[in-house]
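So this one's target-v6.cif, mmCIF, C-alpha atoms and all ligand atoms:
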data_my_file
loop_
_atom_site.label_atom_id
_atom_site.label_comp_id
_atom_site.auth_asym_id
_atom_site.auth_seq_id
_atom_site.Cartn_x
_atom_site.Cartn_y
_atom_site.Cartn_z
CA MET A 1 -17.37 -10.33 -0.15
CA ASN A 2 -15.68 -6.95 -0.55
CA ILE A 3 -12.45 -6.23 1.29
CA VAL A 4 -9.87 -3.49 1.60
CA ILE A 5 -6.12 -3.98 1.86
CA LEU A 6 -4.79 -0.93 3.63
CA GLY A 7 -1.22 0.11 4.41
CA ALA A 8 -1.43 0.64 8.17
CA VAL A 9 1.87 2.48 8.61
CA PHE A 10 4.14 4.42 6.20
CA GLY A 11 3.66 2.23 3.11
CA ASP A 12 5.84 -0.71 2.03
CA GLU A 13 4.16 -3.04 4.53
CA GLY A 14 3.87 -5.84 1.97
CA LYS A 15 0.37 -4.96 0.74
CA GLY A 16 1.19 -5.98 -2.82
CA ALA A 17 2.13 -9.54 -1.90
CA ILE A 18 -0.95 -9.98 0.29
CA ALA A 19 -3.32 -8.49 -2.30
CA HIS A 20 -1.73 -10.69 -4.97
CA TYR A 21 -2.15 -13.78 -2.81
CA LEU A 22 -5.81 -13.05 -2.09
CA SER A 23 -6.62 -11.78 -5.60
CA THR A 24 -7.52 -15.19 -7.01
CA ASN A 25 -10.62 -15.20 -4.76
CA TYR A 26 -11.86 -11.88 -6.14
CA ASP A 27 -13.31 -10.66 -9.43
CA TRP A 28 -11.87 -7.16 -9.30
CA ILE A 29 -8.70 -5.75 -7.77
CA VAL A 30 -9.19 -1.99 -7.57
CA ARG A 31 -6.42 0.59 -7.01
CA TYR A 32 -8.07 3.73 -5.66
CA ASN A 33 -5.41 6.30 -4.72
CA GLY A 34 -2.02 7.68 -5.66
CA GLY A 35 -0.23 6.79 -8.84
CA ALA A 36 3.21 5.56 -9.90
CA ASN A 37 4.67 6.61 -6.53
CA ALA A 38 3.59 3.19 -5.28
CA GLY A 39 5.86 0.20 -5.69
CA HIS A 40 4.00 -3.02 -5.04
CA THR A 41 6.46 -5.90 -5.01
CA LEU A 42 5.12 -9.35 -5.78
CA TYR A 43 6.44 -12.71 -6.90
CA ARG A 44 5.04 -15.01 -9.58
CA ASP A 45 6.73 -18.41 -9.88
CA GLY A 46 9.79 -17.07 -8.07
CA VAL A 47 10.15 -14.04 -10.36
CA LYS A 48 10.00 -10.58 -8.81
CA TYR A 49 7.62 -7.96 -10.24
CA VAL A 50 7.10 -4.37 -9.18
CA HIS A 51 3.75 -2.85 -10.10
CA ASN A 52 3.69 0.94 -9.91
CA LEU A 53 0.27 1.59 -11.43
CA LEU A 54 -1.35 -1.77 -12.01
CA PRO A 55 -3.23 -3.39 -9.14
CA SER A 56 -1.55 -6.49 -7.66
CA PHE A 57 -3.72 -9.07 -9.40
CA ASP A 58 -2.55 -12.60 -10.12
CA TRP A 59 -3.07 -12.99 -13.84
CA ARG A 60 -2.24 -16.70 -13.66
CA SER A 61 -5.77 -17.16 -12.37
CA PRO A 62 -8.55 -16.43 -14.90
CA ARG A 63 -10.67 -14.71 -12.26
CA PRO A 64 -9.30 -11.31 -11.22
CA LYS A 65 -9.57 -8.19 -13.37
CA ALA A 66 -7.69 -4.98 -12.58
CA TYR A 67 -9.39 -1.59 -12.17
CA LEU A 68 -7.57 1.75 -11.96
CA ALA A 69 -10.15 3.95 -10.26
CA SER A 70 -10.81 7.65 -10.70
CA ASN A 71 -9.24 8.84 -7.45
CA MET A 72 -5.84 7.75 -8.81
CA VAL A 73 -3.59 10.06 -10.81
CA ILE A 74 -2.30 8.16 -13.81
CA ASP A 75 0.84 8.72 -15.86
CA LEU A 76 -0.38 7.26 -19.17
CA ASP A 77 3.13 6.87 -20.64
CA LYS A 78 4.23 5.00 -17.54
CA LEU A 79 1.10 2.83 -17.68
CA TYR A 80 1.86 2.00 -21.30
CA SER A 81 5.47 1.02 -20.55
CA GLU A 82 4.50 -0.95 -17.45
CA ILE A 83 1.97 -2.96 -19.45
CA VAL A 84 4.31 -3.47 -22.42
CA GLU A 85 7.07 -4.69 -20.11
CA LEU A 86 4.79 -7.13 -18.28
CA SER A 87 3.05 -8.34 -21.41
CA LYS A 88 6.38 -9.81 -22.57
CA ILE A 89 5.65 -12.41 -19.89
CA ASN A 90 1.89 -12.69 -20.31
CA SER A 91 0.41 -11.20 -23.46
CA THR A 92 -3.23 -11.78 -22.52
CA PHE A 93 -3.49 -9.81 -19.28
CA PRO A 94 -3.88 -6.26 -20.77
CA SER A 95 -7.45 -7.06 -21.83
CA ARG A 96 -8.21 -7.61 -18.13
CA VAL A 97 -7.09 -4.09 -17.25
CA TYR A 98 -9.80 -1.40 -16.90
CA VAL A 99 -8.97 2.29 -16.52
CA ASP A 100 -11.48 4.85 -15.29
CA LEU A 101 -11.98 7.62 -17.84
CA ASP A 102 -12.41 10.13 -15.02
CA ALA A 103 -9.04 9.56 -13.35
CA PHE A 104 -6.76 12.60 -13.60
CA VAL A 105 -3.53 12.38 -15.54
CA VAL A 106 0.06 12.98 -14.45
CA GLU A 107 1.83 14.95 -17.15
CA GLU A 108 5.51 15.72 -17.74
CA LYS A 109 5.09 19.19 -16.19
CA HIS A 110 3.88 17.58 -12.94
CA ILE A 111 6.98 15.42 -12.72
CA GLU A 112 9.19 18.48 -13.32
CA ALA A 113 7.32 20.48 -10.68
CA ASP A 114 7.66 17.61 -8.19
CA LYS A 115 11.45 17.62 -8.57
CA ASN A 116 11.60 21.36 -7.98
CA LYS A 117 9.03 21.83 -5.24
CA ASN A 118 8.89 18.71 -3.09
CA LYS A 119 12.50 17.79 -2.27
CA HIS A 120 11.98 18.63 1.41
CA ILE A 121 9.21 16.01 1.66
CA GLY A 122 11.33 13.33 0.01
CA SER A 123 8.84 12.90 -2.83
CA THR A 124 9.23 9.97 -5.22
CA ASN A 125 9.21 12.53 -8.07
CA ARG A 126 6.39 10.79 -9.89
CA GLY A 127 4.38 14.01 -10.20
CA ILE A 128 1.76 12.99 -7.66
CA GLY A 129 1.47 16.18 -5.58
CA PRO A 130 1.41 18.58 -8.56
CA ALA A 131 -1.15 16.41 -10.41
CA TYR A 132 -3.51 16.47 -7.42
CA GLU A 133 -2.85 20.22 -7.06
CA ASP A 134 -4.10 20.75 -10.61
CA LYS A 135 -7.08 18.48 -9.98
CA ILE A 136 -8.18 20.34 -6.84
CA GLY A 137 -7.33 23.68 -8.50
CA ARG A 138 -9.76 22.75 -11.30
CA ARG A 139 -7.05 22.87 -13.94
CA GLY A 140 -6.56 19.12 -14.27
CA LYS A 141 -7.03 16.89 -17.26
CA ARG A 142 -8.72 13.52 -17.16
CA VAL A 143 -7.91 10.27 -18.91
CA ARG A 144 -10.85 10.93 -21.26
CA ASP A 145 -9.11 14.11 -22.51
CA PHE A 146 -6.17 12.18 -23.98
CA ASP A 147 -5.56 10.06 -27.06
CA LEU A 148 -5.83 6.49 -25.80
CA THR A 149 -5.19 4.66 -29.06
CA LYS A 150 -1.87 3.09 -28.00
CA LEU A 151 -3.30 1.66 -24.81
CA LYS A 152 -6.49 0.50 -26.53
CA GLU A 153 -4.36 -1.34 -29.11
CA LEU A 154 -2.79 -3.28 -26.25
CA GLY A 155 -6.29 -4.37 -25.22
CA VAL A 156 -6.73 -2.04 -22.23
CA ASN A 157 -10.36 -1.09 -21.51
CA PHE A 158 -11.57 2.41 -20.66
CA THR A 159 -14.77 2.76 -18.70
CA THR A 160 -16.47 4.27 -15.64
CA VAL A 161 -17.63 2.79 -12.34
CA LEU A 162 -21.27 3.31 -13.29
CA GLU A 163 -20.80 1.65 -16.65
CA GLN A 164 -19.56 -1.39 -14.71
CA ARG A 165 -22.06 -0.95 -11.87
CA LEU A 166 -23.92 -4.23 -12.33
CA ASN A 167 -20.63 -6.10 -12.76
CA PHE A 168 -19.34 -4.62 -9.52
CA ILE A 169 -22.55 -5.31 -7.58
CA GLY A 170 -22.48 -8.96 -8.55
CA SER A 171 -18.77 -9.39 -7.80
CA ASP A 172 -16.27 -9.87 -5.06
CA ILE A 173 -14.01 -6.82 -4.92
CA LEU A 174 -10.61 -6.31 -3.35
CA PHE A 175 -9.75 -2.63 -2.95
CA GLU A 176 -5.98 -2.22 -2.86
CA GLY A 177 -4.75 0.90 -1.05
CA ALA A 178 -1.43 2.50 -1.90
CA GLN A 179 1.04 4.14 0.50
CA GLY A 180 -0.10 3.98 4.14
CA VAL A 181 -2.51 5.74 6.46
CA LEU A 182 0.34 7.67 8.10
CA LEU A 183 1.10 9.09 4.62
CA ASP A 184 -2.55 9.98 4.01
CA ILE A 185 -3.16 13.61 3.04
CA ASN A 186 -5.77 14.10 5.79
CA HIS A 187 -4.75 11.69 8.53
CA GLY A 188 -1.00 11.26 8.13
CA THR A 189 1.97 13.23 9.44
CA TYR A 190 1.24 16.36 7.41
CA PRO A 191 3.08 17.90 5.58
CA TYR A 192 5.30 14.79 5.35
CA VAL A 193 2.64 12.82 3.51
CA SER A 194 1.64 11.87 0.00
CA SER A 195 -1.15 13.84 -1.66
CA SER A 196 -3.93 11.25 -1.78
CA ASP A 197 -6.43 9.30 0.33
CA SER A 198 -4.86 6.07 1.58
CA THR A 199 -7.87 5.48 3.82
CA LEU A 200 -11.27 4.20 2.67
CA ALA A 201 -12.03 7.77 1.60
CA GLY A 202 -10.26 7.01 -1.69
CA ILE A 203 -12.74 4.21 -2.41
CA TYR A 204 -15.73 6.51 -1.95
CA ALA A 205 -14.01 9.34 -3.83
CA SER A 206 -13.67 6.90 -6.74
CA GLY A 207 -17.45 6.46 -6.84
CA PHE A 208 -17.87 3.11 -5.09
CA GLY A 209 -20.31 4.41 -2.45
CA PHE A 210 -22.85 1.77 -3.47
CA ILE A 211 -20.53 -1.09 -2.47
CA LYS A 212 -20.70 -2.48 1.06
CA ILE A 213 -17.28 -3.18 2.57
CA ASP A 214 -17.13 -6.37 4.64
CA LYS A 215 -13.57 -6.36 5.96
CA VAL A 216 -10.69 -3.95 6.24
CA TYR A 217 -7.26 -5.53 6.50
CA GLY A 218 -4.51 -3.33 7.92
CA ILE A 219 -1.07 -4.49 6.81
CA ALA A 220 2.05 -3.89 8.92
CA LYS A 221 5.54 -5.31 9.14
CA VAL A 222 6.80 -6.70 12.46
CA TYR A 223 9.18 -3.73 12.39
CA SER A 224 8.72 -0.34 10.73
CA THR A 225 10.16 1.56 7.78
CA ARG A 226 9.66 4.97 6.29
CA VAL A 227 10.90 6.45 3.00
CA GLY A 228 11.35 10.20 2.82
CA GLU A 229 11.19 12.82 5.54
CA GLY A 230 8.86 13.17 8.54
CA PRO A 231 8.39 11.94 12.10
CA PHE A 232 9.29 8.34 12.95
CA PRO A 233 9.17 7.92 16.76
CA THR A 234 10.66 4.39 16.89
CA GLU A 235 13.42 5.04 14.33
CA LEU A 236 16.77 3.27 14.67
CA PHE A 237 20.12 4.75 13.71
CA GLY A 238 23.71 3.62 13.19
CA ASP A 239 24.80 -0.01 12.96
CA GLU A 240 21.54 -1.40 14.32
CA ALA A 241 19.59 0.40 11.58
CA GLU A 242 22.06 -0.60 8.89
CA GLU A 243 21.81 -4.28 9.81
CA LEU A 244 18.01 -4.34 9.83
CA ARG A 245 17.93 -2.45 6.51
CA LYS A 246 20.28 -5.00 4.99
CA ILE A 247 18.57 -8.19 6.16
CA GLY A 248 15.13 -6.75 5.42
CA LYS A 249 16.28 -5.52 1.95
CA GLU A 250 14.73 -2.19 2.84
CA TYR A 251 15.39 -0.15 -0.27
CA GLY A 252 12.55 1.65 -2.07
CA ALA A 253 10.83 -0.44 -4.76
CA THR A 254 10.11 2.71 -6.77
CA THR A 255 13.15 4.88 -6.09
CA GLY A 256 15.81 2.48 -4.78
CA ARG A 257 16.37 4.80 -1.81
CA PRO A 258 17.48 3.24 1.49
CA ARG A 259 14.44 3.15 3.75
CA ARG A 260 14.62 4.49 7.29
CA VAL A 261 14.03 1.59 9.71
CA GLY A 262 12.77 1.25 13.28
CA TRP A 263 10.65 -0.81 15.66
CA LEU A 264 6.96 -1.62 15.44
CA ASP A 265 4.91 1.25 16.86
CA LEU A 266 1.66 0.11 18.49
CA PRO A 267 0.35 3.53 19.60
CA ALA A 268 0.60 4.71 15.97
CA LEU A 269 -1.04 1.50 14.79
CA GLU A 270 -3.84 1.89 17.33
CA TYR A 271 -4.46 5.41 16.00
CA VAL A 272 -4.70 4.02 12.47
CA ILE A 273 -7.04 1.18 13.47
CA HIS A 274 -9.40 3.55 15.25
CA LYS A 275 -9.25 6.14 12.51
CA THR A 276 -9.93 3.82 9.58
CA GLY A 277 -12.03 0.96 10.97
CA ILE A 278 -9.49 -1.81 10.41
CA THR A 279 -11.16 -5.11 11.32
CA ASP A 280 -8.23 -7.49 10.76
CA LEU A 281 -4.48 -7.12 11.04
CA VAL A 282 -1.89 -8.70 8.77
CA PHE A 283 1.76 -8.86 9.84
CA THR A 284 4.55 -9.50 7.38
CA LYS A 285 8.30 -10.20 7.45
CA PHE A 286 8.47 -12.42 10.55
CA ASP A 287 11.44 -14.19 8.96
CA ILE A 288 13.62 -11.08 8.81
CA VAL A 289 14.05 -10.72 12.57
CA GLN A 290 13.80 -14.35 13.64
CA GLY A 291 16.49 -15.35 16.13
CA GLN A 292 17.18 -11.81 17.27
CA GLU A 293 15.74 -9.81 20.11
CA ILE A 294 13.36 -7.13 18.84
CA LYS A 295 11.55 -4.28 20.53
CA ILE A 296 7.93 -3.25 20.19
CA CYS A 297 6.76 0.18 21.28
CA THR A 298 3.65 -0.35 23.39
CA ASN A 299 2.95 3.18 24.63
CA TYR A 300 3.77 6.85 24.14
CA GLN A 301 3.93 9.22 27.06
CA ASN A 302 1.58 11.57 25.19
CA LYS A 303 -1.85 10.84 23.85
CA ILE A 304 -2.26 10.31 20.11
CA THR A 305 -5.49 11.42 18.47
CA SER A 306 -4.08 12.90 15.27
CA GLY A 307 -1.30 12.23 12.81
CA GLN A 308 0.23 15.45 14.11
CA ASP A 309 0.78 13.82 17.52
CA LEU A 310 3.54 11.66 16.02
CA PHE A 311 5.66 14.82 16.03
CA ASN A 312 5.60 14.86 19.84
CA PRO A 313 5.15 11.40 21.37
CA GLY A 314 7.16 12.03 24.56
CA ASN A 315 8.94 9.04 26.09
CA LEU A 316 8.31 5.64 24.51
CA THR A 317 7.74 2.39 26.40
CA TYR A 318 9.02 -0.82 24.80
CA SER A 319 8.57 -4.57 25.26
CA ASN A 320 11.28 -7.01 24.18
CA LEU A 321 10.45 -10.14 22.22
CA LYS A 322 12.15 -12.92 20.31
CA TRP A 323 11.15 -15.88 18.13
CA ASN A 324 13.58 -18.46 16.79
CA ASP A 325 11.50 -19.64 13.86
CA CYS A 326 8.24 -18.60 12.22
CA ASN A 327 6.00 -21.43 13.38
CA ILE A 328 2.73 -20.32 14.88
CA GLU A 329 3.72 -21.61 18.34
CA SER A 330 6.97 -19.65 18.22
CA ILE A 331 5.30 -16.35 17.38
CA LYS A 332 2.36 -16.87 19.72
CA GLU A 333 3.73 -14.39 22.24
CA PHE A 334 3.85 -11.71 19.53
CA ILE A 335 0.30 -12.45 18.40
CA ASP A 336 -1.03 -12.40 21.97
CA LEU A 337 0.72 -9.14 22.79
CA ILE A 338 -0.59 -7.36 19.70
CA GLU A 339 -4.14 -8.69 19.88
CA ARG A 340 -4.43 -7.79 23.55
CA ARG A 341 -2.88 -4.33 23.20
CA LEU A 342 -4.78 -3.38 20.03
CA ASN A 343 -7.97 -5.32 20.62
CA THR A 344 -7.89 -6.45 16.98
CA LYS A 345 -7.29 -9.92 15.60
CA ILE A 346 -4.33 -10.90 13.46
CA SER A 347 -5.87 -12.82 10.55
CA ILE A 348 -2.93 -13.33 8.22
CA ILE A 349 0.83 -13.54 8.69
CA SER A 350 3.65 -13.85 6.20
CA HIS A 351 7.26 -14.86 6.61
CA GLY A 352 8.78 -14.96 3.16
CA ILE A 353 8.22 -14.29 -0.52
CA ASN A 354 6.62 -17.58 -1.54
CA LYS A 355 2.93 -18.43 -1.53
CA GLU A 356 3.52 -21.04 1.17
CA ASP A 357 4.95 -18.34 3.42
CA ILE A 358 1.57 -16.64 3.75
CA LYS A 359 -0.72 -18.18 6.38
CA ILE A 360 -4.35 -17.43 7.02
CA LEU A 361 -4.95 -17.76 10.77
CA LYS A 362 -8.56 -16.62 11.15
P1 LIG A 401 5.00 11.49 -3.18
O1 LIG A 401 3.81 10.61 -3.00
O2 LIG A 401 5.87 11.03 -4.31
O3 LIG A 401 4.62 12.93 -3.28
O4 LIG A 401 5.90 11.37 -1.86
C1 LIG A 401 5.49 11.89 -0.61
C2 LIG A 401 6.03 11.05 0.54
O5 LIG A 401 5.39 9.77 0.54
C3 LIG A 401 7.53 10.75 0.46
O6 LIG A 401 8.03 10.69 1.77
C4 LIG A 401 7.58 9.38 -0.21
O7 LIG A 401 8.75 8.69 0.13
C5 LIG A 401 6.36 8.73 0.41
N1 LIG A 401 5.77 7.69 -0.46
C6 LIG A 401 4.99 7.89 -1.55
N2 LIG A 401 4.60 6.72 -2.07
C7 LIG A 401 5.10 5.76 -1.27
C8 LIG A 401 5.00 4.33 -1.28
O8 LIG A 401 4.33 3.70 -2.11
N3 LIG A 401 5.67 3.68 -0.28
C9 LIG A 401 6.37 4.35 0.67
N4 LIG A 401 6.49 5.68 0.71
C10 LIG A 401 5.85 6.38 -0.25
MG MG A 402 6.23 0.03 -1.80
#
What would the structure in this file look like if it were written as structure tokens?
Amino acid sequence: MNIVILGAVFGDEGKGAIAHYLSTNYDWIVRYNGGANAGHTLYRDGVKYVHNLLPSFDWRSPRPKAYLASNMVIDLDKLYSEIVELSKINSTFPSRVYVDLDAFVVEEKHIEADKNKNKHIGSTNRGIGPAYEDKIGRRGKRVRDFDLTKLKELGVNFTTVLEQRLNFIGSDILFEGAQGVLLDINHGTYPYVSSSDSTLAGIYASGFGFIKIDKVYGIAKVYSTRVGEGPFPTELFGDEAEELRKIGKEYGATTGRPRRVGWLDLPALEYVIHKTGITDLVFTKFDIVQGQEIKICTNYQNKITSGQDLFNPGNLTYSNLKWNDCNIESIKEFIDLIERRLNTKISIISHGINKEDIKILK
């Protein structure tokens, strides 16, 4: 089976933890967009890891291999340091990392340009926008144009999708999206977006058109967050925001910046589901708001058929909800409300950082 793990909102939905949990049932975990702007937080044996470039694969299982696909932009120095740092804990995993020779490379000049040009967007300053600019402007350089000796000495493999074609055809693949659909260059809240394809487009752009996708999981938190500038219709401010930020530990995994916080936004989520073909929803962080009354935005006054419509939603309608613990019976009202309103099933929930806190419902 081949599945996609997609950020259904503004990124930071908990994709990393879900991909990591599921990864032991797959042969390949493929990152297909963005670069070191991502911060995928995951826990192994109670220890916290943040992967910026590496896919969220669980190396404790012999099965999954990691693939960095060609629609990514890769900072090779950062990849080297990320692998060196992690290989202090497990020295064998680098030989299970495969990098596409055709991915474009983030260079120092891109990081400098990001700092100067993209402050108003709230960029992570990882050089992403400028690297994609050079790629599209036909000035870019690919992984194959660089000296890869250091990475090869660590055991990292360099290849192409077609070289691995038969391996991929005979395998189960988990495609791990980065950022979220509302940060997608085409379908997000432009210009307050990242510069890559968070939707399935990034999979096809990476050359996986011959792979049939069976399921698309859209990941969302039971509340919302956004890092950087741009529209956020359900945003909270003041003490209420501060409290949610604190209990949810909502600080950027890549930049440490405080995340903007707000309520779950179903009209925006419906837009994303329709736009990307999400078949299954995953909700995370039920534990953070247990015991407190929360709100869920069920409707906008205005119609939403484009990411641009988030700039002008009109009045918002909310429902109030509360659960006192994270048992399935206690959160049933939430599940019913979402499934009815969005006409999409919730297949997985999570309410904590441990493996046991992730539950497969359907
Ligand atoms: P860039 O991708 O660094 O150019 O940043 C563009 C916008 O996307 C900024 O608002 C960032 O905060 C946001 N962004 C980029 N990557 C992520 C991510 O992985 N999670 C959340 N926000 C992100
Ligand atoms: Mg993140």
Once you count all atoms listed in the file, what closest atom pair and distance in Å to one decimal does each residue of segment 11-107 of chain A within 8 Å of segment 207-227 of chain A have, with rows by chain and rising residue number, as JSON lines?
{"residue": "A:Gly11", "atom": "CA", "partner": "A:Arg226", "partner_atom": "CA", "distance": 7.3}
{"residue": "A:Asp12", "atom": "CA", "partner": "A:Thr225", "partner_atom": "CA", "distance": 7.5}
{"residue": "A:Glu13", "atom": "CA", "partner": "A:Ala220", "partner_atom": "CA", "distance": 4.9}
{"residue": "A:Gly14", "atom": "CA", "partner": "A:Ile219", "partner_atom": "CA", "distance": 7.0}
{"residue": "A:Lys15", "atom": "CA", "partner": "A:Ile219", "partner_atom": "CA", "distance": 6.3}
{"residue": "A:Ser70", "atom": "CA", "partner": "A:Gly207", "partner_atom": "CA", "distance": 7.8}
Listing only residues of chain A within 7 Å of ligand LIG 401 (chain A), what is the closest atom pair and its distance in Å (to one decimal) for each, using only C-alpha atoms and all ligand atoms, sorted by chain and residue number ascending, as a Markdown table?
| residue | atom | partner | partner_atom | distance |
| --- | --- | --- | --- | --- |
| A:Phe10 | CA | A:LIG401 | C9 | 6.0 |
| A:Gly11 | CA | A:LIG401 | N3 | 4.2 |
| A:Asp12 | CA | A:LIG401 | N3 | 5.0 |
| A:Asn37 | CA | A:LIG401 | N2 | 4.5 |
| A:Ala38 | CA | A:LIG401 | O8 | 3.3 |
| A:Gly39 | CA | A:LIG401 | O8 | 5.2 |
| A:Ile121 | CA | A:LIG401 | O6 | 5.5 |
| A:Gly122 | CA | A:LIG401 | O6 | 4.6 |
| A:Ser123 | CA | A:LIG401 | O4 | 3.5 |
| A:Thr124 | CA | A:LIG401 | O2 | 3.6 |
| A:Asn125 | CA | A:LIG401 | O2 | 5.2 |
| A:Arg126 | CA | A:LIG401 | O2 | 5.6 |
| A:Gly127 | CA | A:LIG401 | O2 | 6.8 |
| A:Ile128 | CA | A:LIG401 | O3 | 5.2 |
| A:Gly129 | CA | A:LIG401 | O3 | 5.1 |
| A:Ala178 | CA | A:LIG401 | O8 | 5.9 |
| A:Gln179 | CA | A:LIG401 | O8 | 4.2 |
| A:Leu183 | CA | A:LIG401 | O5 | 6.0 |
| A:Tyr192 | CA | A:LIG401 | O6 | 6.1 |
| A:Val193 | CA | A:LIG401 | C2 | 4.8 |
| A:Ser194 | CA | A:LIG401 | C1 | 3.9 |
| A:Ser195 | CA | A:LIG401 | O3 | 6.1 |
| A:Arg226 | CA | A:LIG401 | N4 | 6.5 |
| A:Val227 | CA | A:LIG401 | O7 | 4.2 |
| A:Gly228 | CA | A:LIG401 | O6 | 3.5 |
| A:Glu229 | CA | A:LIG401 | O6 | 5.4 |
Where is the centre and how long are the edges: axis-aligned box on segment 107-116 of chain A, 5 Å on each side, Å to one decimal, as lines of an AutoDock Vina configuration file:
center_x = 6.7
center_y = 18.2
center_z = -12.9
size_x = 19.8
size_y = 16.4
size_z = 19.8
Atom-to-atom span, atom CA of Trp263 of chain A and atom CA of Ala36 of chain A, Å: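 Going from atom CA of Trp263 of chain A over to atom CA of Ala36 of chain A covers 27.4 Å.
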Minimum-distance residue to ligand MG 402 (chain A), chosen among A:Pro191, A:Gly202, A:Gly137, A:Gly177 (using all atoms listed in the file): A:Gly177
Report the distance between atom CA of Asn320 of chain A and atom CA of Ile296 of chain A in Å, rounded to one decimal place. 6.4 Å
For segment 106-109 of chain A, work out the shell of residues within 6 Å, counting only C-alpha atoms and skipping chain neighbours fewer than 4 positions away, then give it as an NGL selection string. :A and (73-75 or 131)
Would you compute the distance between atom CA of Ile18 of chain A and atom CA of His274 of chain A? Give it in Å to one decimal.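 About the pair atom CA of Ile18 of chain A and atom CA of His274 of chain A: they are 21.9 Å apart.
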Which residue of A:Ala253, A:Ile83, A:Met72, A:Ile5 approaches ligand MG 402 (chain A) most closely, using only C-alpha atoms and all ligand atoms: A:Ala253
